[in-house]
>>> print(open('upload15.tsv').read())   # TSV, C-alpha atoms
chain	number	residue	atom	x	y	z
J	1	MET	CA	21.56	40.89	-37.84
J	2	ALA	CA	21.59	38.12	-35.21
J	3	GLY	CA	18.41	39.58	-33.78
J	4	GLN	CA	16.80	39.46	-37.21
J	5	GLN	CA	17.78	35.74	-37.58
J	6	ARG	CA	16.21	34.86	-34.21
J	7	LYS	CA	13.09	36.75	-35.23
J	8	ASP	CA	12.96	34.87	-38.54
J	9	GLY	CA	13.44	31.52	-36.70
J	10	LYS	CA	10.54	32.23	-34.36
J	11	SER	CA	8.40	33.25	-37.33
J	12	GLN	CA	9.19	29.96	-39.11
J	13	ALA	CA	8.34	27.98	-35.98
J	14	ARG	CA	4.98	29.76	-35.71
J	15	ASN	CA	4.29	29.09	-39.39
J	16	LYS	CA	5.08	25.37	-38.96
J	17	GLN	CA	2.86	25.22	-35.91
J	18	THR	CA	0.05	26.95	-37.83
J	19	GLN	CA	0.52	24.61	-40.79
J	20	GLU	CA	0.43	21.57	-38.50
J	21	GLU	CA	-2.79	22.76	-36.82
J	22	ALA	CA	-4.36	23.53	-40.20
J	23	LEU	CA	-3.59	20.03	-41.49
J	24	LYS	CA	-5.01	18.43	-38.34
J	25	THR	CA	-8.20	20.51	-38.72
J	26	LYS	CA	-8.61	19.53	-42.35
J	27	ILE	CA	-8.00	15.85	-41.58
J	28	ALA	CA	-10.61	15.94	-38.81
J	29	ARG	CA	-13.17	17.60	-41.10
J	30	LEU	CA	-12.53	15.12	-43.89
J	31	LYS	CA	-12.97	12.18	-41.48
J	32	THR	CA	-16.28	13.66	-40.32
J	33	ALA	CA	-17.41	14.18	-43.91
J	34	LEU	CA	-16.39	10.63	-44.81
J	35	GLU	CA	-18.54	9.24	-42.00
J	36	GLN	CA	-21.57	11.31	-43.02
J	37	GLU	CA	-21.35	10.91	-46.85
J	38	ASN	CA	-23.35	8.06	-48.41
J	39	ASP	CA	-22.50	8.64	-52.06
J	40	LEU	CA	-19.81	6.15	-53.08
J	41	LYS	CA	-18.20	8.44	-55.64
J	42	LEU	CA	-17.94	11.35	-53.24
J	43	ARG	CA	-16.67	9.04	-50.47
J	44	LYS	CA	-13.87	7.90	-52.82
J	45	GLU	CA	-12.86	11.50	-53.55
J	46	ILE	CA	-12.95	12.42	-49.90
J	47	LEU	CA	-10.85	9.36	-49.04
J	48	LEU	CA	-8.19	10.26	-51.64
J	49	LEU	CA	-8.05	13.82	-50.34
J	50	LEU	CA	-7.83	12.54	-46.75
J	51	GLN	CA	-4.89	10.27	-47.64
J	52	GLU	CA	-3.11	13.20	-49.31
J	53	TYR	CA	-3.50	15.42	-46.22
J	54	GLU	CA	-2.45	12.61	-43.86
J	55	THR	CA	0.71	12.05	-45.95
J	56	SER	CA	1.50	15.77	-45.77
J	57	TYR	CA	0.92	15.77	-42.02
J	58	LYS	CA	3.27	12.79	-41.49
J	59	THR	CA	5.95	14.45	-43.62
J	60	LEU	CA	5.65	17.64	-41.56
J	61	ILE	CA	5.96	15.72	-38.29
J	62	GLN	CA	9.04	13.85	-39.56
J	63	LYS	CA	10.72	17.14	-40.50
J	64	LYS	CA	9.90	18.52	-37.08
J	65	ARG	CA	11.41	15.48	-35.35
J	66	PHE	CA	14.53	15.65	-37.51
J	67	LEU	CA	15.00	19.30	-36.55
J	68	ASN	CA	14.64	18.39	-32.86
J	69	TYR	CA	17.27	15.66	-33.27
J	70	LEU	CA	19.67	18.16	-34.85
J	71	LEU	CA	19.13	20.63	-31.99
J	72	ALA	CA	19.70	17.88	-29.41
J	73	ALA	CA	22.90	16.78	-31.15
J	74	ALA	CA	24.18	20.37	-31.26
J	75	ALA	CA	23.44	20.77	-27.54
J	76	ALA	CA	25.28	17.53	-26.75
J	77	ILE	CA	28.33	18.63	-28.72
J	78	GLY	CA	28.30	21.94	-26.86
J	79	VAL	CA	28.24	20.15	-23.51
J	80	ILE	CA	31.17	17.92	-24.53
J	81	ILE	CA	33.22	20.94	-25.56
J	82	MET	CA	32.44	22.65	-22.25
J	83	VAL	CA	33.46	19.54	-20.25
J	84	LEU	CA	36.76	19.26	-22.14
J	85	PHE	CA	37.48	22.95	-21.50
J	86	LEU	CA	36.80	22.57	-17.76
J	87	MET	CA	39.07	19.51	-17.62
J	88	PHE	CA	41.84	21.53	-19.24
J	89	LEU	CA	41.43	24.29	-16.65
J	90	LYS	CA	41.45	21.72	-13.84
J	91	ASP	CA	44.69	20.14	-15.07
J	92	SER	CA	46.33	23.56	-15.23
J	93	SER	CA	45.28	24.45	-11.70
J	94	THR	CA	46.39	21.04	-10.36
J	95	SER	CA	49.97	21.48	-11.56
J	96	THR	CA	50.10	24.86	-9.80
J	97	ALA	CA	48.62	23.49	-6.59
J	98	ILE	CA	51.15	20.62	-6.38
J	99	SER	CA	54.04	22.99	-5.89
J	100	SER	CA	52.28	24.95	-3.14
J	101	GLN	CA	51.19	21.80	-1.33
J	102	GLY	CA	54.83	20.72	-0.84
J	103	SER	CA	55.48	23.50	1.68
J	104	HIS	CA	52.45	22.52	3.77
J	105	HIS	CA	53.02	18.76	3.65
J	106	SER	CA	55.14	18.48	6.80
J	107	ALA	CA	52.69	20.54	8.86
J	108	ALA	CA	49.74	18.51	7.61
J	109	SER	CA	51.54	15.25	8.44
J	110	SER	CA	52.17	16.23	12.05
J	111	GLU	CA	48.57	17.39	12.43
J	112	ALA	CA	47.31	14.08	10.99
J	113	LYS	CA	49.41	12.10	13.46
J	114	LYS	CA	48.06	14.19	16.30
J	115	ASN	CA	44.44	13.51	15.37
J	116	LYS	CA	44.88	9.85	14.42
J	117	SER	CA	44.50	8.50	17.93
J	118	SER	CA	41.33	10.52	18.63
J	119	LYS	CA	39.74	9.47	15.29
J	120	THR	CA	40.55	5.81	15.97
J	121	SER	CA	38.87	5.91	19.38
J	122	THR	CA	35.79	7.70	17.93
J	123	THR	CA	35.44	5.12	15.12
J	124	LYS	CA	35.76	2.26	17.59
J	125	SER	CA	33.07	3.79	19.80
J	126	SER	CA	30.69	4.22	16.82
J	127	ARG	CA	31.16	0.58	15.78
J	128	GLU	CA	30.47	-0.58	19.31
J	129	ASP	CA	27.23	1.47	19.38
J	130	LEU	CA	26.17	0.02	16.00
J	131	ASN	CA	26.87	-3.54	17.11
J	132	GLU	CA	24.89	-2.93	20.30
J	133	LYS	CA	21.85	-1.82	18.25
J	134	ASP	CA	22.17	-4.81	15.92
J	135	THR	CA	22.17	-7.35	18.75
J	136	ALA	CA	18.39	-6.99	19.27
J	137	VAL	CA	16.26	-8.99	16.82
J	138	PHE	CA	13.29	-6.61	17.14
J	139	PRO	CA	13.26	-2.80	16.93
J	140	ARG	CA	12.98	-1.05	20.29
J	141	SER	CA	9.43	0.10	19.49
J	142	LEU	CA	8.29	-3.55	19.41
J	143	LEU	CA	9.98	-4.69	22.65
J	144	ASP	CA	6.97	-4.62	24.95
J	145	THR	CA	3.76	-6.37	25.98
J	146	TRP	CA	0.84	-5.99	23.56
J	147	SER	CA	-2.78	-6.95	24.22
J	148	GLY	CA	-6.03	-7.24	22.30
J	149	TYR	CA	-9.24	-9.22	21.94
J	150	ILE	CA	-10.08	-12.08	19.52
J	151	SER	CA	-13.78	-11.59	19.02
J	152	TYR	CA	-14.64	-14.89	17.35
J	153	MET	CA	-12.94	-16.76	20.21
J	154	GLN	CA	-14.23	-14.23	22.78
J	155	SER	CA	-10.79	-14.33	24.36
J	156	ASP	CA	-8.06	-11.88	25.28
J	157	VAL	CA	-4.65	-12.23	23.69
J	158	THR	CA	-1.28	-10.98	24.89
J	159	MET	CA	1.95	-10.98	22.86
J	160	ILE	CA	5.35	-10.34	24.47
J	161	PHE	CA	8.44	-9.51	22.38
J	162	THR	CA	11.94	-9.77	23.92
J	163	GLU	CA	15.40	-8.76	22.67
J	164	ASP	CA	16.57	-12.34	22.03
J	165	GLY	CA	13.87	-12.82	19.36
J	166	THR	CA	11.36	-14.68	21.53
J	167	VAL	CA	7.64	-14.13	20.90
J	168	LYS	CA	5.41	-15.41	23.68
J	169	THR	CA	1.64	-15.37	23.16
J	170	LEU	CA	-0.99	-15.97	25.85
J	171	ILE	CA	-4.60	-16.80	24.97
J	172	ASP	CA	-6.62	-17.42	28.13
J	173	SER	CA	-4.61	-20.11	29.98
J	174	ASN	CA	-2.68	-21.29	26.90
J	175	THR	CA	0.88	-20.13	26.13
J	176	TYR	CA	2.59	-20.34	22.73
J	177	THR	CA	6.22	-19.52	21.94
J	178	SER	CA	8.08	-18.84	18.68
J	179	GLN	CA	11.73	-17.95	18.12
J	180	ILE	CA	12.67	-15.33	15.50
J	181	SER	CA	16.15	-14.97	14.02
J	182	SER	CA	15.56	-11.68	12.19
J	183	LEU	CA	13.00	-9.29	10.70
J	184	GLU	CA	12.91	-8.24	7.04
J	185	LYS	CA	11.15	-5.06	5.97
J	186	VAL	CA	8.80	-5.89	3.08
J	187	GLY	CA	6.58	-2.80	3.03
J	188	ASN	CA	5.61	0.41	4.80
J	189	ASN	CA	5.95	-0.48	8.53
J	190	THR	CA	5.49	-4.10	7.46
J	191	TYR	CA	7.99	-6.79	8.48
J	192	LEU	CA	8.48	-10.46	7.64
J	193	TYR	CA	9.53	-12.90	10.36
J	194	HIS	CA	12.47	-15.24	9.74
J	195	LEU	CA	12.05	-18.10	12.19
J	196	VAL	CA	14.86	-19.95	13.87
J	197	GLN	CA	15.19	-23.40	12.26
J	198	GLY	CA	12.89	-25.83	14.02
J	199	SER	CA	10.75	-23.14	15.65
J	200	GLU	CA	6.98	-23.27	15.26
J	201	ALA	CA	4.86	-20.28	14.15
J	202	THR	CA	2.10	-20.89	16.71
J	203	ALA	CA	2.72	-17.63	18.57
J	204	LEU	CA	2.88	-15.36	15.54
J	205	VAL	CA	-0.76	-15.15	14.40
J	206	PRO	CA	-2.86	-15.95	17.49
J	207	GLY	CA	-6.26	-17.44	16.75
J	208	ALA	CA	-5.73	-17.83	13.01
J	209	GLN	CA	-7.28	-20.94	11.46
J	210	LEU	CA	-4.98	-21.86	8.59
J	211	GLY	CA	-4.78	-24.90	6.38
J	212	GLY	CA	-5.05	-26.19	2.84
J	213	ALA	CA	-3.21	-28.42	0.38
J	214	GLY	CA	-0.57	-27.10	-2.02
J	215	VAL	CA	-0.11	-23.77	-0.23
J	216	LYS	CA	2.55	-22.20	1.95
J	217	TYR	CA	2.47	-19.43	4.54
J	218	ALA	CA	4.70	-16.60	5.71
J	219	TYR	CA	4.26	-14.62	8.92
J	220	GLY	CA	4.94	-11.03	9.82
J	221	ILE	CA	3.80	-7.95	11.65
J	222	TYR	CA	2.65	-4.39	10.96
J	223	ILE	CA	4.08	-1.89	13.46
J	224	GLY	CA	1.85	1.18	13.76
J	225	GLU	CA	2.39	4.31	15.81
J	226	ASP	CA	0.84	2.85	18.96
J	227	TYR	CA	-0.42	-0.56	17.85
J	228	ILE	CA	0.62	-3.74	16.04
J	229	VAL	CA	-1.22	-6.11	13.70
J	230	PRO	CA	-0.12	-9.76	13.27
J	231	LEU	CA	0.05	-10.66	9.56
J	232	VAL	CA	0.05	-13.85	7.52
J	233	TRP	CA	0.59	-14.34	3.78
J	234	GLN	CA	-0.55	-17.32	1.71
J	235	THR	CA	0.46	-18.42	-1.78
J	236	HIS	CA	0.86	-21.51	-3.91
J	237	ARG	CA	3.78	-23.65	-2.81
J	238	ASN	CA	5.65	-22.89	-6.07
J	239	ALA	CA	4.79	-19.17	-6.20
J	240	GLU	CA	6.35	-16.05	-4.71
J	241	PHE	CA	4.65	-14.16	-1.89
J	242	ASP	CA	2.98	-10.80	-2.56
J	243	TYR	CA	3.71	-8.95	0.67
J	244	SER	CA	1.39	-6.08	-0.28
J	245	LYS	CA	-1.59	-8.43	0.14
J	246	PRO	CA	-1.67	-10.12	3.56
J	247	LEU	CA	-4.23	-12.86	4.02
J	248	LYS	CA	-7.56	-11.83	5.55
J	249	THR	CA	-8.13	-14.15	8.49
J	250	ASN	CA	-10.58	-14.43	11.35
J	251	SER	CA	-7.80	-13.12	13.61
J	252	ASP	CA	-7.76	-9.63	12.09
J	253	TYR	CA	-7.32	-7.34	15.08
J	254	ARG	CA	-5.04	-4.75	16.59
J	255	LEU	CA	-2.93	-5.13	19.70
J	256	THR	CA	-2.06	-2.13	21.83
J	257	LYS	CA	0.59	-1.69	24.48
J	258	GLY	CA	-0.34	-2.75	27.98
J	259	ALA	CA	-1.71	-5.62	30.01
J	260	SER	CA	-4.72	-7.81	29.26
J	261	SER	CA	-7.73	-6.08	27.78
J	262	GLN	CA	-10.27	-8.39	29.47
J	263	GLN	CA	-11.90	-5.69	31.58
J	264	ARG	CA	-11.96	-3.26	28.66
J	265	SER	CA	-13.45	-5.78	26.22
J	266	GLU	CA	-16.13	-6.89	28.67
J	267	SER	CA	-17.10	-3.37	29.65
J	268	HIS	CA	-18.73	-2.54	26.29
J	269	LYS	CA	-20.04	-6.00	25.35
J	270	LYS	CA	-23.45	-7.26	26.36
J	271	GLU	CA	-23.51	-11.02	25.89
J	272	ASP	CA	-26.84	-12.81	26.04
J	273	PRO	CA	-26.47	-16.61	25.67
J	274	GLN	CA	-30.25	-16.97	26.11
J	275	VAL	CA	-30.92	-15.41	22.69
J	276	ASP	CA	-31.90	-18.00	20.08
J	277	THR	CA	-29.46	-17.15	17.28
J	278	LYS	CA	-31.43	-19.29	14.83
J	279	ASN	CA	-34.44	-17.00	15.20
J	280	LEU	CA	-33.06	-13.48	15.41
J	281	THR	CA	-35.00	-10.32	14.67
J	282	THR	CA	-33.67	-7.92	12.07
J	283	GLN	CA	-32.51	-5.58	14.84
J	284	GLN	CA	-30.71	-8.37	16.67
J	285	VAL	CA	-28.89	-9.40	13.47
J	286	GLU	CA	-27.74	-5.85	12.87
J	287	ASN	CA	-26.73	-5.36	16.54
J	288	TRP	CA	-24.63	-8.54	16.49
J	289	VAL	CA	-23.00	-7.64	13.18
J	290	ILE	CA	-22.02	-4.08	14.12
J	291	ALA	CA	-20.80	-5.18	17.56
J	292	HIS	CA	-18.40	-7.67	16.02
J	293	TYR	CA	-17.28	-5.27	13.30
J	294	LEU	CA	-16.42	-2.53	15.81
J	295	ASP	CA	-14.55	-5.07	17.96
J	296	SER	CA	-12.43	-6.21	15.00
J	297	LEU	CA	-11.92	-2.62	13.83
J	298	ASN	CA	-10.63	-1.51	17.26
J	299	ASP	CA	-10.71	2.17	16.26
J	300	ASN	CA	-12.22	4.43	18.91
J	301	ARG	CA	-12.83	7.22	16.40
J	302	PHE	CA	-15.99	5.48	15.17
J	303	THR	CA	-19.20	4.13	16.71
J	304	LYS	CA	-22.18	2.19	15.35
J	305	ASP	CA	-23.73	5.50	14.29
J	306	ASP	CA	-20.98	5.86	11.68
J	307	TYR	CA	-22.19	2.76	9.80
J	308	THR	CA	-25.33	1.43	8.17
J	309	ILE	CA	-26.35	-2.24	8.02
J	310	GLU	CA	-28.23	-3.90	5.17
J	311	SER	CA	-29.62	-7.33	6.08
J	312	TRP	CA	-31.83	-9.82	4.24
J	313	LYS	CA	-32.77	-13.49	4.09
J	314	ALA	CA	-31.52	-15.23	0.96
J	315	GLU	CA	-34.00	-17.37	-0.96
J	316	THR	CA	-31.28	-19.70	-2.24
J	317	ASP	CA	-30.00	-21.08	1.08
J	318	GLY	CA	-32.37	-19.52	3.62
J	319	LEU	CA	-29.50	-17.84	5.51
J	320	VAL	CA	-29.53	-14.26	6.78
J	321	TYR	CA	-26.88	-12.00	5.22
J	322	ALA	CA	-25.72	-8.51	6.18
J	323	ILE	CA	-23.46	-5.84	4.67
J	324	VAL	CA	-21.73	-3.14	6.73
J	325	ARG	CA	-21.36	0.19	4.95
J	326	GLU	CA	-19.60	3.37	6.05
J	327	ASN	CA	-21.89	6.35	6.55
J	328	HIS	CA	-19.83	9.26	5.25
J	329	ASP	CA	-22.42	11.84	6.36
J	330	THR	CA	-21.46	11.60	10.04
J	331	ASP	CA	-19.11	14.05	11.74
J	332	ALA	CA	-16.59	11.32	12.61
J	333	MET	CA	-16.34	10.13	9.01
J	334	LYS	CA	-16.00	13.71	7.74
J	335	GLU	CA	-13.19	14.36	10.22
J	336	ALA	CA	-11.48	11.20	8.96
J	337	GLY	CA	-11.56	12.59	5.40
J	338	ALA	CA	-14.19	10.19	4.01
J	339	ASP	CA	-15.54	10.91	0.53
J	340	PRO	CA	-19.14	12.15	0.97
J	341	ASN	CA	-20.11	10.89	-2.49
J	342	VAL	CA	-19.68	7.18	-1.74
J	343	SER	CA	-20.84	4.67	0.87
J	344	PRO	CA	-18.42	1.73	0.56
J	345	ALA	CA	-19.13	-1.77	1.86
J	346	VAL	CA	-16.45	-2.65	4.42
J	347	ALA	CA	-17.59	-6.07	5.65
J	348	ARG	CA	-20.01	-8.92	4.88
J	349	TYR	CA	-21.59	-11.25	7.44
J	350	ARG	CA	-24.15	-14.03	7.60
J	351	ILE	CA	-25.85	-16.26	10.18
J	352	ASN	CA	-25.18	-19.89	9.29
J	353	ALA	CA	-27.57	-22.81	9.76
J	354	GLU	CA	-26.16	-23.43	13.26
J	355	GLY	CA	-26.96	-19.87	14.35
J	356	GLU	CA	-23.30	-18.79	14.31
J	357	LEU	CA	-22.09	-15.43	13.05
J	358	GLU	CA	-19.77	-15.77	10.05
J	359	LYS	CA	-17.67	-13.13	8.30
J	360	SER	CA	-16.59	-13.18	4.67
J	361	SER	CA	-12.86	-13.88	4.52
J	362	ASP	CA	-12.30	-11.87	1.34
J	363	GLY	CA	-15.03	-9.26	1.85
J	364	ALA	CA	-16.85	-10.40	-1.30
J	365	GLY	CA	-18.73	-13.41	0.06
J	366	ASN	CA	-16.51	-16.08	-1.51
J	367	GLY	CA	-15.33	-17.61	1.77
J	368	TRP	CA	-16.80	-17.62	5.27
J	369	THR	CA	-15.32	-18.03	8.76
J	370	VAL	CA	-17.14	-18.35	12.08
J	371	VAL	CA	-16.34	-15.27	14.18
J	372	SER	CA	-18.85	-15.57	17.05
J	373	LYS	CA	-21.05	-18.30	18.50
J	374	THR	CA	-22.77	-16.34	21.28
J	375	TYR	CA	-25.03	-13.36	20.62
J	376	TYR	CA	-23.80	-10.03	21.94
J	377	SER	CA	-24.30	-6.34	21.24
J	378	GLN	CA	-22.72	-3.01	22.09
>>> encode(input="upload15.tsv", output="structure tokens")
Amino acid sequence: MAGQQRKDGKSQARNKQTQEEALKTKIARLKTALEQENDLKLRKEILLLLQEYETSYKTLIQKKRFLNYLLAAAAAIGVIIMVLFLMFLKDSSTSTAISSQGSHHSAASSEAKKNKSSKTSTTKSSREDLNEKDTAVFPRSLLDTWSGYISYMQSDVTMIFTEDGTVKTLIDSNTYTSQISSLEKVGNNTYLYHLVQGSEATALVPGAQLGGAGVKYAYGIYIGEDYIVPLVWQTHRNAEFDYSKPLKTNSDYRLTKGASSQQRSESHKKEDPQVDTKNLTTQQVENWVIAHYLDSLNDNRFTKDDYTIESWKAETDGLVYAIVRENHDTDAMKEAGADPNVSPAVARYRINAEGELEKSSDGAGNGWTVVSKTYYSQ
């Protein structure tokens, strides 16, 4: 008989589902007919019939929801009953266990005393290890010498991180020092510096040209697998920082472990100060643009063949503009997982009236920063 009831319940559920689908089909057809009918009298009849079916559909849905609520309530009551039953069993077993535990209490006490001294020494050792790790301001992976190249300044940069929180930065013959009290993780491998009171931030974002009224800055670092990227955030002086959006500056570059990169950076650059940057050919513009972009990218997986350059002379201001796009048809881009159906713009440049190479700060052409004053190519 129970089997027959379950069978009847399933049959009713299928009927309700069929009725619901039938009502939805009729409502859809009536809406279509209402849109296509021009006769006012017929439209009125169709509208009345549509309202009747929609009311029936809403009533059916409400009944369905009410049934679901009843089933949920029944399930909740069942769970409560089960929990109460388990608690009763637990209380019964506890009273039995108390009597048996009395005979083992003395043995357990002596064993606890025996192990107390060894546990105390182990805990003390663990705390000492933890305190030793916490004494360093920076993680061990950051404690090293890191070097890179600031293309717009055409200078090497070296950053040195030490355990006491000192950051020393060398740019050519100039040395800058900042003192950090702690790091705060604000994103994936992204950390915010907390400076010691009175310390300057001059060593934290080498080469960055910052300024502006009514704004404030925060400084940090991205720690990659084998490289670091200095970061800076900007916001209104009364607003909170969005650490997921670091400021794009003319100092965007990567630093890798090791000594100065001067020999490496000069080995692939061909500077030519004799070139008149106010009268460049199209090829020279594109060579200069891609050379700087690859320098700032600092990713040896890609070469100039993995990008295309679009350049033109604007009629509005007479300046030469260029857009760098990824070429997703190359083997290197395919290996990197690039989407073959798109060719995204990754950088925008222009040659200003003084013949200097400028890069868009936001990538959309709304702000420009000088990144190179002397022509060079790869």
>>> atom_distance(input="upload15.tsv", atom1="atom CA of Asp339 of chain J", atom2="atom CA of Leu255 of chain J")
28.0 Å
>>> residues_around(input="upload15.tsv", residues="Gly187 of chain J", least_positions_apart="5", cutoff="12 Å", atoms="only C-alpha atoms", output="list in words")
Leu192, Gly220, Ile221, Tyr222, Ile223, Asp242, Tyr243, Ser244, Lys245 and Pro246 of chain J
>>> residues_around(input="upload15.tsv", residues="Arg350 of chain J", least_positions_apart="5", cutoff="7 Å", atoms="only C-alpha atoms", output="list in words")
Leu319, Val320, Tyr321, Ala322, Leu357, Glu358 and Lys359 of chain J
>>> residues_around(input="upload15.tsv", residues="Ser56 of chain J", least_positions_apart="5", cutoff="9 Å", atoms="only C-alpha atoms", output="list in words")
Leu23, Gln51 and Ile61 of chain J
>>> atom_distance(input="upload15.tsv", atom1="atom CA of Ile160 of chain J", atom2="atom CA of Tyr217 of chain J")
22.1 Å
>>> closest_residue(input="upload15.tsv", among="J:Val196, J:Val137, J:Trp146, J:Ala74", to="Leu183 of chain J", atoms="all atoms listed in the file")
J:Val137
>>> closest_residue(input="upload15.tsv", among="J:Leu60, J:Glu184, J:Ser343, J:Thr55", to="Thr18 of chain J", atoms="only C-alpha atoms")
J:Leu60
>>> closest_residue(input="upload15.tsv", among="J:Lys90, J:Lys58, J:Lys313, J:Arg29", to="Asn352 of chain J", atoms="only C-alpha atoms")
J:Lys313
